[in-house]
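A short worksheet on the structure shown next.
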Amino acid sequence: MSHRLITAIEIDGAGGDPGAWRGPEVDPRAILTGELAVRAAQRAEAAGVDLVTFADALEAPDDVPDRVSVRLDALGLAARVAPVTQRIGLLPTITVTHTEPFHVQASVATLDHISRGRAGWIAEVSTSAEAAAVIGRREPAPAAETWREARYVVDAARRLWDSWEDDAIIRDAATGRFVDREKLHYVDFESPTFSVKGPSIVPRPPQGHPITAIRVSTPEALAAAADAELVFLPDSADLSEQVLELRENARRSVTLTESGRSVTLTPDQEAGPLVLVSAEVRPHVDGVEQLASLIEGWAAAGVDGVQLRPASLELDVPAIAEQLLPVLRERGLAGSGERGGSLRGRLGLRRPANRYARSVR
């Protein structure tokens, strides 16, 4: 039986093909002004795509002749796109290994406010010496350590989003009070690598918790993906088994112990994360029928959607919008995409209750 799939498109420079920027259809300057990303997001939104993701990394792109050796900050690019779109979800990639968890959560919360509840983020890690040297705060660490820390960051972010109750802002002109102090809370979060007292400097996001996503590229990332609400999986022969394992793992609380400290992580969604297959595509070259059949096979394996990574934004996004999505709708695999509201609502996810709302300070 067919079912409506979540559809996502990745924005990465001019596209996944390193030579995409050289096509006659591309103004290279539009890559660095953000106009190329804006156009892709608006085309995707008009076609009914559910969300766009923004690629990023702490490491600079390789300085190779005939390639674009710079990349716009994903969070900044998402903030650029937010005011000129109305319905589509926005998920920038943010590397948490060398960045401050407090600032990460505040940035994502701010994006949720300016997009009116359409924000999320893709938590990423870095194990490279290059990123460590650029930031200069710590030595590079293995994947297991960085992903374990990423799980702490995700948990701390959710606690900080809850540190303001929804009705904490009162704007009481008579008493000169802007917030009710009794509705701001310390989170007192402590992990083996960082601690946060709180509360946040940003009021609770419109969605309560913006969508947290993880892209699976290693076994360590797969384990950490249990904490996410959205997971991007590569296509594989055992796709259906991976999906089942991921959902089963996500239903259980996990206690991580390191350096004598223990932190218990609880799932944000009882049913486990939504799983999307992530695939590089070039429909302007290969056509859409074969891709539609692939997507139909992924749906049969139990995934909730697809993240398409176009080779060329200027050529492939129109092909996805004008050719692929109509075919998917004919096969019962995609909806109209006209729903607005929050990204959580669009994805069928509940708004989390505030864990501190009834606590007494």
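Identifiers for the structure tokens are assigned positionally: chains receive A, B, ... in sequence, residues are indexed from 1 per chain, and ligands are indexed from 1 in the order shown.
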(message) Report as a PyMOL selection string all protein, DNA and RNA residues lying within 12 Å of Trp161 of chain A, evaluated on only C-alpha atoms, omitting residues in the same chain fewer than 4 positions from it.
(response) chain A and resi 101-110+112-113+154-157+165-166+184-187+198-211+352-357
(request) Mind listing the alpha helix (DSSP H) residues of segment 182-340 of chain A, per DSSP on the backbone, as a PyMOL selection string? (result) chain A and resi 219-224+239-250+283-286+289-300+313-319+325-330
So that I can see what lies close to Gly19 of chain A, please list as a PDB file with N, CA and C atoms, in the first residue's frame the residues with an atom at most 12 Å from it, counting only C-alpha atoms and leaving out residues fewer than 4 positions away in the same chain.
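Contents of around_28.pdb, as written:
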ATOM      1  N   GLY A  13      25.724  24.696  -1.986  1.00  0.00           N
ATOM      2  CA  GLY A  13      26.351  25.463  -3.061  1.00  0.00           C
ATOM      3  C   GLY A  13      25.435  25.551  -4.268  1.00  0.00           C
ATOM      4  N   ALA A  14      25.969  25.183  -5.432  1.00  0.00           N
ATOM      5  CA  ALA A  14      25.164  25.142  -6.657  1.00  0.00           C
ATOM      6  C   ALA A  14      24.574  23.762  -6.884  1.00  0.00           C
ATOM      7  N   GLY A  15      24.899  22.814  -5.990  1.00  0.00           N
ATOM      8  CA  GLY A  15      24.434  21.437  -6.132  1.00  0.00           C
ATOM      9  C   GLY A  15      25.531  20.471  -5.737  1.00  0.00           C
ATOM     10  N   GLY A  23      27.841  25.755 -14.999  1.00  0.00           N
ATOM     11  CA  GLY A  23      26.828  25.673 -16.051  1.00  0.00           C
ATOM     12  C   GLY A  23      26.375  27.046 -16.499  1.00  0.00           C
ATOM     13  N   PRO A  24      25.996  27.193 -17.766  1.00  0.00           N
ATOM     14  CA  PRO A  24      25.572  28.499 -18.281  1.00  0.00           C
ATOM     15  C   PRO A  24      24.316  29.034 -17.598  1.00  0.00           C
ATOM     16  N   VAL A  26      23.862  29.101 -14.416  1.00  0.00           N
ATOM     17  CA  VAL A  26      24.196  29.538 -13.062  1.00  0.00           C
ATOM     18  C   VAL A  26      24.975  30.846 -13.087  1.00  0.00           C
ATOM     19  N   PRO A  28      27.464  32.499 -10.874  1.00  0.00           N
ATOM     20  CA  PRO A  28      28.267  32.105  -9.704  1.00  0.00           C
ATOM     21  C   PRO A  28      28.132  33.058  -8.528  1.00  0.00           C
ATOM     22  N   VAL A  64      40.449  23.618  -4.825  1.00  0.00           N
ATOM     23  CA  VAL A  64      40.758  22.884  -6.048  1.00  0.00           C
ATOM     24  C   VAL A  64      40.381  23.757  -7.243  1.00  0.00           C
ATOM     25  N   PRO A  65      41.252  23.843  -8.255  1.00  0.00           N
ATOM     26  CA  PRO A  65      40.904  24.623  -9.449  1.00  0.00           C
ATOM     27  C   PRO A  65      39.583  24.161 -10.050  1.00  0.00           C
ATOM     28  N   ASP A  66      38.809  25.105 -10.554  1.00  0.00           N
ATOM     29  CA  ASP A  66      37.519  24.847 -11.194  1.00  0.00           C
ATOM     30  C   ASP A  66      36.427  24.420 -10.216  1.00  0.00           C
ATOM     31  N   ARG A  67      36.667  24.585  -8.888  1.00  0.00           N
ATOM     32  CA  ARG A  67      35.626  24.298  -7.907  1.00  0.00           C
ATOM     33  C   ARG A  67      35.440  25.499  -6.992  1.00  0.00           C
ATOM     34  N   VAL A  68      34.236  25.643  -6.460  1.00  0.00           N
ATOM     35  CA  VAL A  68      33.971  26.712  -5.496  1.00  0.00           C
ATOM     36  C   VAL A  68      34.579  26.311  -4.165  1.00  0.00           C
ATOM     37  N   SER A  69      35.518  27.088  -3.671  1.00  0.00           N
ATOM     38  CA  SER A  69      36.259  26.708  -2.462  1.00  0.00           C
ATOM     39  C   SER A  69      35.759  27.423  -1.212  1.00  0.00           C
ATOM     40  N   ALA A 311      22.188  17.182  -8.036  1.00  0.00           N
ATOM     41  CA  ALA A 311      23.505  17.495  -8.588  1.00  0.00           C
ATOM     42  C   ALA A 311      23.596  18.966  -8.948  1.00  0.00           C
ATOM     43  N   SER A 312      22.509  19.535  -9.452  1.00  0.00           N
ATOM     44  CA  SER A 312      22.471  20.949  -9.827  1.00  0.00           C
ATOM     45  C   SER A 312      21.177  21.560  -9.317  1.00  0.00           C
ATOM     46  N   LEU A 313      21.276  22.597  -8.485  1.00  0.00           N
ATOM     47  CA  LEU A 313      20.066  23.244  -7.981  1.00  0.00           C
ATOM     48  C   LEU A 313      19.253  23.856  -9.113  1.00  0.00           C
TER      49      LEU A 313
END
(request) Would you list the contacts of segment 238-244 of chain A as a ChimeraX atom specification, taking every protein, DNA or RNA residue within 12 Å and counting only C-alpha atoms, but skipping same-chain residues closer than 6 positions in sequence? (result) /A:216,219,222-223,225-226,230-232,250-251,271-278,297-305
(request) Kindly indicate which residue among A:Ile94, A:Leu233, A:Leu72, A:Ala141 lies nearest to Ala30 of chain A, using only C-alpha atoms for the distances. (result) A:Leu72
(message) One decimal, in Å: what's the spacing between atom CA of Arg344 of chain A and atom CA of Asp167 of chain A?
(response)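 Taking atom CA of Arg344 of chain A as the start and atom CA of Asp167 of chain A as the end point, the length is 20.0 Å.
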(request) Report the distance between atom CA of Arg358 of chain A and atom CA of Gly120 of chain A in Å, rounded to one decimal place. (result)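 So the two atoms, atom CA of Arg358 of chain A and atom CA of Gly120 of chain A, lie 26.1 Å apart.
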(message) I need the residue nearest Trp147 of chain A from this list: A:Leu5, A:Ala129, A:Val281, A:Ala123. Use only C-alpha atoms for the distance.
(response) A:Ala123
(request) Name all residues at most 9 Å from Arg43 of chain A (count only C-alpha atoms; drop same-chain ones fewer than 6 positions away) and give them as a ChimeraX atom specification. (result) /A:49,317-318,321
Writing out the chosen residues with N, CA and C atoms as an mmCIF file, in the first residue's frame:
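Once everything was written out, this is result-v2.cif:
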data_model
loop_
_atom_site.group_PDB
_atom_site.id
_atom_site.type_symbol
_atom_site.label_atom_id
_atom_site.label_comp_id
_atom_site.auth_asym_id
_atom_site.auth_seq_id
_atom_site.Cartn_x
_atom_site.Cartn_y
_atom_site.Cartn_z
ATOM 1 N N VAL A 49 7.246 20.585 -1.604
ATOM 2 C CA VAL A 49 8.289 19.882 -0.844
ATOM 3 C C VAL A 49 8.167 20.279 0.634
ATOM 4 N N VAL A 317 16.282 20.904 -9.339
ATOM 5 C CA VAL A 317 15.138 21.282 -8.519
ATOM 6 C C VAL A 317 13.893 21.520 -9.369
ATOM 7 N N PRO A 318 13.998 22.227 -10.521
ATOM 8 C CA PRO A 318 12.818 22.328 -11.386
ATOM 9 C C PRO A 318 12.329 20.958 -11.883
ATOM 10 N N ALA A 321 10.466 19.430 -9.037
ATOM 11 C CA ALA A 321 9.214 20.138 -8.797
ATOM 12 C C ALA A 321 8.175 19.890 -9.889
#
(request) May I have the residues within 7 Å of Leu90 of chain A as an MDAnalysis selection string, using only C-alpha atoms and disregarding those fewer than 4 positions away in the same chain? (result) chainID A and resid 51:53 78 118:120
(request) Using atom CA of Asp12 of chain A and atom CA of Phe54 of chain A as the two end points, give the distance in Å to one decimal. (result) 6.2 Å
(request) Would you mind writing down, as number ranges by chain, each residue of segment 68-242 of chain A that DSSP on the backbone assigns to strand (DSSP E or B)? (result) A: 89-95, 119-124, 164, 169-172, 177-179, 184, 189-190, 195-196, 211-215, 230-234
(request) List the neighbours of Leu58 of chain A out to 8 Å using only C-alpha atoms; skip same-chain residues closer than 3 positions along the sequence, and give me the result as a ChimeraX atom specification. (result) /A:95,126,131
(request) Rank nothing, just name the residue among A:Glu245, A:Asp188, A:Glu145, A:Glu322 nearest to His284 of chain A, using only C-alpha atoms. (result)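 Looking only at the distances to His284 of chain A, the closest residue turns out to be A:Glu322.
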(request) Choose the residue, out of A:Gly34, A:Pro283, A:Pro326, A:Gly341, that has the smallest atom-to-atom separation from Arg80 of chain A; count only C-alpha atoms. (result) A:Gly34
(message) Could you check the closest approach to Val81 of chain A for each of A:Thr218, A:Thr97, A:Thr127, A:Thr33 and tell me which residue wins, using only C-alpha atoms?
(response)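 Distance minimum relative to Val81 of chain A lands on A:Thr33.
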